[in-house]
file query-v3.txt (compact mmCIF, C-alpha atoms)
# COMPACT_ATOMS: atom_id res chain seq x y z
CA MET A 195 47.93 -40.74 12.50
CA ILE A 196 46.43 -38.70 9.68
CA ALA A 197 45.72 -34.99 10.16
CA ILE A 198 42.68 -33.67 8.28
CA ILE A 199 43.06 -29.92 7.90
CA LYS A 200 40.17 -28.04 9.50
CA TYR A 201 39.05 -24.84 7.84
CA ASN A 202 35.23 -24.90 8.12
CA GLY A 203 34.88 -26.76 4.82
CA GLY A 204 31.92 -28.95 4.01
CA ASN A 205 33.41 -32.42 3.64
CA VAL A 206 35.92 -32.64 6.50
CA SER A 207 33.78 -35.04 8.54
CA SER A 208 32.92 -37.19 5.50
CA VAL A 209 36.66 -37.66 4.88
CA GLN A 210 37.11 -38.69 8.51
CA ASN A 211 34.16 -41.11 8.20
CA ALA A 212 35.83 -42.69 5.15
CA LEU A 213 39.07 -43.14 7.13
CA ASN A 214 37.08 -44.63 10.04
CA ARG A 215 35.64 -47.22 7.64
CA LEU A 216 39.23 -48.14 6.76
CA ASN A 217 40.16 -48.37 10.49
CA VAL A 218 42.62 -45.50 10.18
CA ASP A 219 43.15 -43.04 13.06
CA SER A 220 42.71 -39.39 12.15
CA ILE A 221 42.28 -36.01 13.75
CA ILE A 222 40.54 -32.90 12.38
CA THR A 223 42.76 -29.95 13.28
CA ASP A 224 44.01 -26.51 12.34
CA ASP A 225 46.85 -26.68 14.90
CA PRO A 226 50.21 -26.41 13.05
CA LYS A 227 51.97 -28.56 15.68
CA GLN A 228 49.52 -31.45 15.21
CA ILE A 229 49.70 -31.12 11.43
CA LEU A 230 53.51 -31.16 11.46
CA LYS A 231 53.73 -34.30 13.61
CA ALA A 232 51.09 -36.27 11.63
CA ASP A 233 52.28 -39.18 9.47
CA LYS A 234 50.17 -37.93 6.58
CA VAL A 235 47.96 -34.91 5.91
CA ILE A 236 44.67 -34.62 4.01
CA PHE A 237 43.55 -31.19 2.81
CA PRO A 238 39.89 -31.65 1.79
CA GLY A 239 37.79 -28.96 0.24
CA VAL A 240 34.23 -27.94 -0.44
CA GLY A 241 33.48 -24.26 -0.72
CA GLU A 242 34.51 -21.03 -2.41
CA ALA A 243 38.18 -20.37 -3.15
CA SER A 244 38.73 -16.80 -1.88
CA SER A 245 36.88 -17.22 1.42
CA THR A 246 38.63 -20.56 2.07
CA MET A 247 42.03 -18.99 1.33
CA LYS A 248 41.19 -16.19 3.78
CA LEU A 249 40.51 -18.77 6.53
CA LEU A 250 43.79 -20.55 5.76
CA LYS A 251 45.71 -17.27 5.94
CA GLU A 252 44.17 -16.38 9.31
CA LYS A 253 45.68 -19.61 10.73
CA LYS A 254 48.88 -19.23 8.62
CA LEU A 255 48.11 -22.63 7.09
CA ASP A 256 48.75 -21.16 3.61
CA VAL A 257 52.41 -20.82 4.67
CA LEU A 258 52.59 -24.14 6.54
CA ILE A 259 51.08 -26.50 3.95
CA PRO A 260 53.69 -25.92 1.17
CA THR A 261 56.49 -26.68 3.67
CA LEU A 262 55.13 -30.07 4.79
CA GLN A 263 57.51 -33.01 4.27
CA GLN A 264 55.11 -35.91 4.80
CA PRO A 265 52.66 -37.11 2.10
CA VAL A 266 49.84 -34.57 1.61
CA LEU A 267 46.59 -35.25 -0.26
CA GLY A 268 44.49 -32.34 -1.52
CA ILE A 269 40.86 -33.09 -2.43
CA CYS A 270 38.67 -30.95 -4.75
CA LEU A 271 39.01 -27.32 -3.58
CA GLY A 272 42.04 -28.49 -1.57
CA MET A 273 43.67 -29.48 -4.88
CA GLN A 274 42.72 -26.18 -6.50
CA LEU A 275 44.14 -24.08 -3.65
CA MET A 276 47.44 -25.96 -4.00
CA CYS A 277 47.72 -24.41 -7.48
CA LYS A 278 49.05 -20.96 -8.43
CA LYS A 279 45.96 -18.94 -9.29
CA ASN A 280 42.20 -19.60 -9.27
CA GLU A 281 39.68 -17.72 -11.41
CA GLU A 282 37.12 -18.15 -8.63
CA GLY A 283 37.31 -14.86 -6.75
CA ASN A 284 40.60 -14.11 -8.55
CA THR A 285 42.31 -16.05 -5.76
CA GLU A 286 46.06 -16.48 -5.30
CA GLY A 287 46.72 -20.09 -4.29
CA MET A 288 49.67 -21.69 -2.53
CA GLY A 289 51.61 -22.31 -5.74
CA ILE A 290 52.67 -25.88 -4.96
CA PHE A 291 51.56 -26.76 -8.50
CA ASP A 292 52.56 -24.02 -10.95
CA ILE A 293 49.27 -24.15 -12.88
CA ASN A 294 46.04 -22.18 -13.04
CA VAL A 295 42.49 -23.12 -12.09
CA ARG A 296 39.88 -22.03 -14.61
CA LYS A 297 36.08 -21.96 -14.80
CA PHE A 298 34.44 -24.47 -17.13
CA PRO A 299 33.04 -22.81 -20.24
CA SER A 300 29.24 -22.77 -20.24
CA GLU A 301 28.93 -25.19 -23.17
CA ASP A 302 27.31 -27.77 -20.90
CA ILE A 303 25.87 -27.93 -17.39
CA VAL A 304 28.19 -26.38 -14.78
CA PRO A 305 28.99 -27.59 -12.16
CA HIS A 306 30.34 -30.89 -13.39
CA MET A 307 28.54 -33.15 -10.94
CA GLY A 308 28.28 -36.91 -10.69
CA TRP A 309 30.24 -39.98 -11.79
CA ASN A 310 32.80 -39.68 -14.55
CA THR A 311 35.69 -41.67 -15.95
CA VAL A 312 39.32 -41.12 -15.02
CA SER A 313 41.98 -42.27 -17.49
CA ASN A 314 45.74 -42.13 -18.10
CA GLN A 315 46.44 -42.84 -14.42
CA ASN A 316 50.14 -42.45 -13.72
CA SER A 317 50.60 -42.44 -9.94
CA SER A 318 50.98 -44.91 -7.10
CA LEU A 319 47.67 -43.48 -5.80
CA PHE A 320 45.94 -45.48 -8.55
CA SER A 321 47.49 -48.86 -7.73
CA GLY A 322 44.78 -51.52 -7.99
CA ILE A 323 42.41 -49.12 -9.78
CA GLU A 324 41.45 -49.93 -13.36
CA GLN A 325 41.88 -47.55 -16.28
CA GLU A 326 38.51 -45.98 -17.08
CA ASP A 327 37.13 -46.45 -13.54
CA ASP A 328 34.49 -43.92 -12.49
CA VAL A 329 34.78 -41.53 -9.54
CA TYR A 330 32.52 -38.82 -8.12
CA PHE A 331 33.02 -35.14 -9.05
CA VAL A 332 31.38 -31.87 -7.94
CA HIS A 333 33.14 -28.75 -9.28
CA SER A 334 32.72 -25.68 -11.48
CA TYR A 335 36.45 -24.97 -11.84
CA TYR A 336 39.18 -27.24 -13.18
CA CYS A 337 42.96 -27.56 -13.05
CA GLU A 338 44.75 -27.24 -16.37
CA LEU A 339 46.62 -30.19 -17.86
CA SER A 340 50.33 -29.97 -17.05
CA ASP A 341 53.49 -31.93 -16.32
CA PHE A 342 52.03 -32.53 -12.83
CA THR A 343 48.91 -34.28 -14.23
CA THR A 344 48.68 -37.93 -13.13
CA SER A 345 45.19 -38.69 -14.48
CA VAL A 346 42.73 -37.04 -16.85
CA CYS A 347 38.98 -36.59 -16.95
CA ASP A 348 36.97 -35.15 -19.83
CA TYR A 349 33.99 -32.88 -19.22
CA ILE A 350 33.52 -30.12 -21.80
CA LEU A 351 37.32 -30.32 -22.15
CA PRO A 352 40.13 -32.53 -20.78
CA PHE A 353 41.36 -31.49 -17.32
CA SER A 354 43.60 -32.79 -14.54
CA ALA A 355 41.70 -35.31 -12.41
CA SER A 356 44.82 -35.65 -10.25
CA LEU A 357 48.20 -34.02 -9.75
CA GLN A 358 51.48 -34.94 -8.07
CA LYS A 359 54.67 -33.10 -7.21
CA ASP A 360 57.13 -34.67 -4.78
CA ASN A 361 55.18 -35.49 -1.57
CA PHE A 362 52.12 -33.52 -2.70
CA TYR A 363 49.23 -35.46 -4.22
CA ALA A 364 45.87 -34.04 -5.23
CA VAL A 365 42.60 -35.24 -6.75
CA GLN A 366 39.73 -33.20 -8.18
CA PHE A 367 37.17 -35.90 -7.41
CA HIS A 368 35.95 -36.96 -3.97
CA PRO A 369 37.47 -40.32 -2.96
CA GLU A 370 35.32 -40.32 0.19
CA LYS A 371 32.23 -40.41 -2.08
CA SER A 372 33.62 -42.69 -4.80
CA GLY A 373 32.79 -46.13 -3.37
CA GLN A 374 35.36 -48.93 -3.69
CA VAL A 375 37.55 -46.97 -6.10
CA GLY A 376 37.75 -44.09 -3.63
CA ASN A 377 38.47 -46.48 -0.76
CA GLN A 378 41.32 -48.02 -2.76
CA LEU A 379 42.80 -44.60 -3.49
CA LEU A 380 42.64 -43.62 0.19
CA LYS A 381 44.28 -46.96 1.13
CA ASN A 382 47.04 -46.28 -1.40
CA PHE A 383 47.61 -42.85 0.12
CA ILE A 384 47.65 -44.29 3.65
CA ASN A 385 50.21 -46.90 2.54
CA LEU A 386 52.61 -44.43 0.89
CA PRO A 387 56.09 -44.66 2.41
CA LEU A 388 56.98 -41.85 4.81
call {"tool": "encode", "arguments": {"input": "query-v3.txt", "output": "structure tokens"}}
result
Amino acid sequence: MIAIIKYNGGNVSSVQNALNRLNVDSIITDDPKQILKADKVIFPGVGEASSTMKLLKEKKLDVLIPTLQQPVLGICLGMQLMCKKNEEGNTEGMGIFDINVRKFPSEDIVPHMGWNTVSNQNSSLFSGIEQEDDVYFVHSYYCELSDFTTSVCDYILPFSASLQKDNFYAVQFHPEKSGQVGNQLLKNFINLPL
């Protein structure tokens, strides 16, 4: 069973639909007990950082998520809130990844929206995915490159397309909107050992 963290974000049901297509049981929940007993946890995200963090704090999920022992996958804003600090709303994140989230400089169109290439994949999440495969992005803020970076995308500047630390995995792109490549990544997450 996969728990999808509920926090009134925009793409929670689209993540569940993607799991349904893969015949994987999931539940959308903000109940700490259900999250703790799930085999795996997905923390999706569409929205604004400070208001989302406020919702997480109201349910004490900001304290729970960093303590989880099972594999956890953060998506888009979910990934950004797993970091230390976010320039959007000057938001303190959960600090799982000790890096900052910054706004793209306005040298090109922001948000970065649409299909783009991911390279330098270095994670079991990318098993069966080719170097230079395209995935779908929608974001105005990016995670810095760091020792946690497991793939890179370039838009205006190079940034972390994915991160990993211990049982915590995160992707800036939307696997649930990235066709076969996204399906493969979700399958790889589902198949991670417990």
call {"tool": "residues_around", "arguments": {"input": "query-v3.txt", "residues": "Ala197 in chain A", "least_positions_apart": "6", "cutoff": "12 Å", "atoms": "all atoms listed in the file", "output": "JSON, numbers by chain"}}
result
{"A": [206, 209, 210, 213, 218, 219, 220, 221, 222, 223, 224, 225, 226, 227, 228, 229, 230, 231, 232, 233, 234, 235, 236, 237, 238, 259, 262, 264, 265, 266, 267, 384]}
call {"tool": "residues_around", "arguments": {"input": "query-v3.txt", "residues": "Leu249 in chain A", "least_positions_apart": "3", "cutoff": "12 Å", "atoms": "only C-alpha atoms", "output": "list in words"}}
result
Ile199, Lys200, Tyr201, Asn202, Gly203, Asp224, Gly241, Glu242, Ala243, Ser244, Ser245, Thr246, Glu252, Lys253, Lys254, Leu255 and Asp256 of chain A
call {"tool": "atom_distance", "arguments": {"input": "query-v3.txt", "atom1": "CA of Ser313 in chain A", "atom2": "CA of Asp327 in chain A"}}
result
7.5 Å
call {"tool": "closest_atom_pairs", "arguments": {"input": "query-v3.txt", "of": "range 308-388 of chain A", "to": "range 290-298 of chain A", "cutoff": "12 Å", "atoms": "only C-alpha atoms", "output": "JSON lines"}}
result
{"residue": "A:His333", "atom": "CA", "partner": "A:Phe298", "partner_atom": "CA", "distance": 9.0}
{"residue": "A:Ser334", "atom": "CA", "partner": "A:Lys297", "partner_atom": "CA", "distance": 6.0}
{"residue": "A:Tyr335", "atom": "CA", "partner": "A:Lys297", "partner_atom": "CA", "distance": 4.2}
{"residue": "A:Tyr336", "atom": "CA", "partner": "A:Val295", "partner_atom": "CA", "distance": 5.4}
{"residue": "A:Cys337", "atom": "CA", "partner": "A:Val295", "partner_atom": "CA", "distance": 4.6}
{"residue": "A:Glu338", "atom": "CA", "partner": "A:Asn294", "partner_atom": "CA", "distance": 6.2}
{"residue": "A:Leu339", "atom": "CA", "partner": "A:Ile293", "partner_atom": "CA", "distance": 8.3}
{"residue": "A:Ser340", "atom": "CA", "partner": "A:Ile293", "partner_atom": "CA", "distance": 7.2}
{"residue": "A:Asp341", "atom": "CA", "partner": "A:Ile293", "partner_atom": "CA", "distance": 9.5}
{"residue": "A:Phe342", "atom": "CA", "partner": "A:Phe291", "partner_atom": "CA", "distance": 7.2}
{"residue": "A:Thr343", "atom": "CA", "partner": "A:Phe291", "partner_atom": "CA", "distance": 9.8}
{"residue": "A:Asp348", "atom": "CA", "partner": "A:Phe298", "partner_atom": "CA", "distance": 11.3}
{"residue": "A:Tyr349", "atom": "CA", "partner": "A:Phe298", "partner_atom": "CA", "distance": 8.7}
{"residue": "A:Ile350", "atom": "CA", "partner": "A:Phe298", "partner_atom": "CA", "distance": 7.4}
{"residue": "A:Leu351", "atom": "CA", "partner": "A:Phe298", "partner_atom": "CA", "distance": 8.2}
{"residue": "A:Pro352", "atom": "CA", "partner": "A:Phe298", "partner_atom": "CA", "distance": 10.5}
{"residue": "A:Phe353", "atom": "CA", "partner": "A:Phe298", "partner_atom": "CA", "distance": 9.9}
{"residue": "A:Ser354", "atom": "CA", "partner": "A:Val295", "partner_atom": "CA", "distance": 10.0}
{"residue": "A:Ser356", "atom": "CA", "partner": "A:Phe291", "partner_atom": "CA", "distance": 11.3}
{"residue": "A:Leu357", "atom": "CA", "partner": "A:Phe291", "partner_atom": "CA", "distance": 8.1}
{"residue": "A:Gln358", "atom": "CA", "partner": "A:Phe291", "partner_atom": "CA", "distance": 8.2}
{"residue": "A:Lys359", "atom": "CA", "partner": "A:Phe291", "partner_atom": "CA", "distance": 7.2}
{"residue": "A:Asp360", "atom": "CA", "partner": "A:Ile290", "partner_atom": "CA", "distance": 9.9}
{"residue": "A:Asn361", "atom": "CA", "partner": "A:Ile290", "partner_atom": "CA", "distance": 10.5}
{"residue": "A:Phe362", "atom": "CA", "partner": "A:Ile290", "partner_atom": "CA", "distance": 8.0}
{"residue": "A:Tyr363", "atom": "CA", "partner": "A:Phe291", "partner_atom": "CA", "distance": 10.0}
{"residue": "A:Ala364", "atom": "CA", "partner": "A:Phe291", "partner_atom": "CA", "distance": 9.8}
{"residue": "A:Gln366", "atom": "CA", "partner": "A:Val295", "partner_atom": "CA", "distance": 11.2}
call {"tool": "atom_distance", "arguments": {"input": "query-v3.txt", "atom1": "CA of Leu275 in chain A", "atom2": "CA of Ser300 in chain A"}}
result
22.3 Å
call {"tool": "atom_distance", "arguments": {"input": "query-v3.txt", "atom1": "CA of Ser321 in chain A", "atom2": "CA of Pro260 in chain A"}}
result
25.4 Å
call {"tool": "closest_residue", "arguments": {"input": "query-v3.txt", "among": "A:Leu319, A:Val257, A:Leu250, A:Ile303", "to": "Pro387 in chain A", "atoms": "all atoms listed in the file"}}
result
A:Leu319
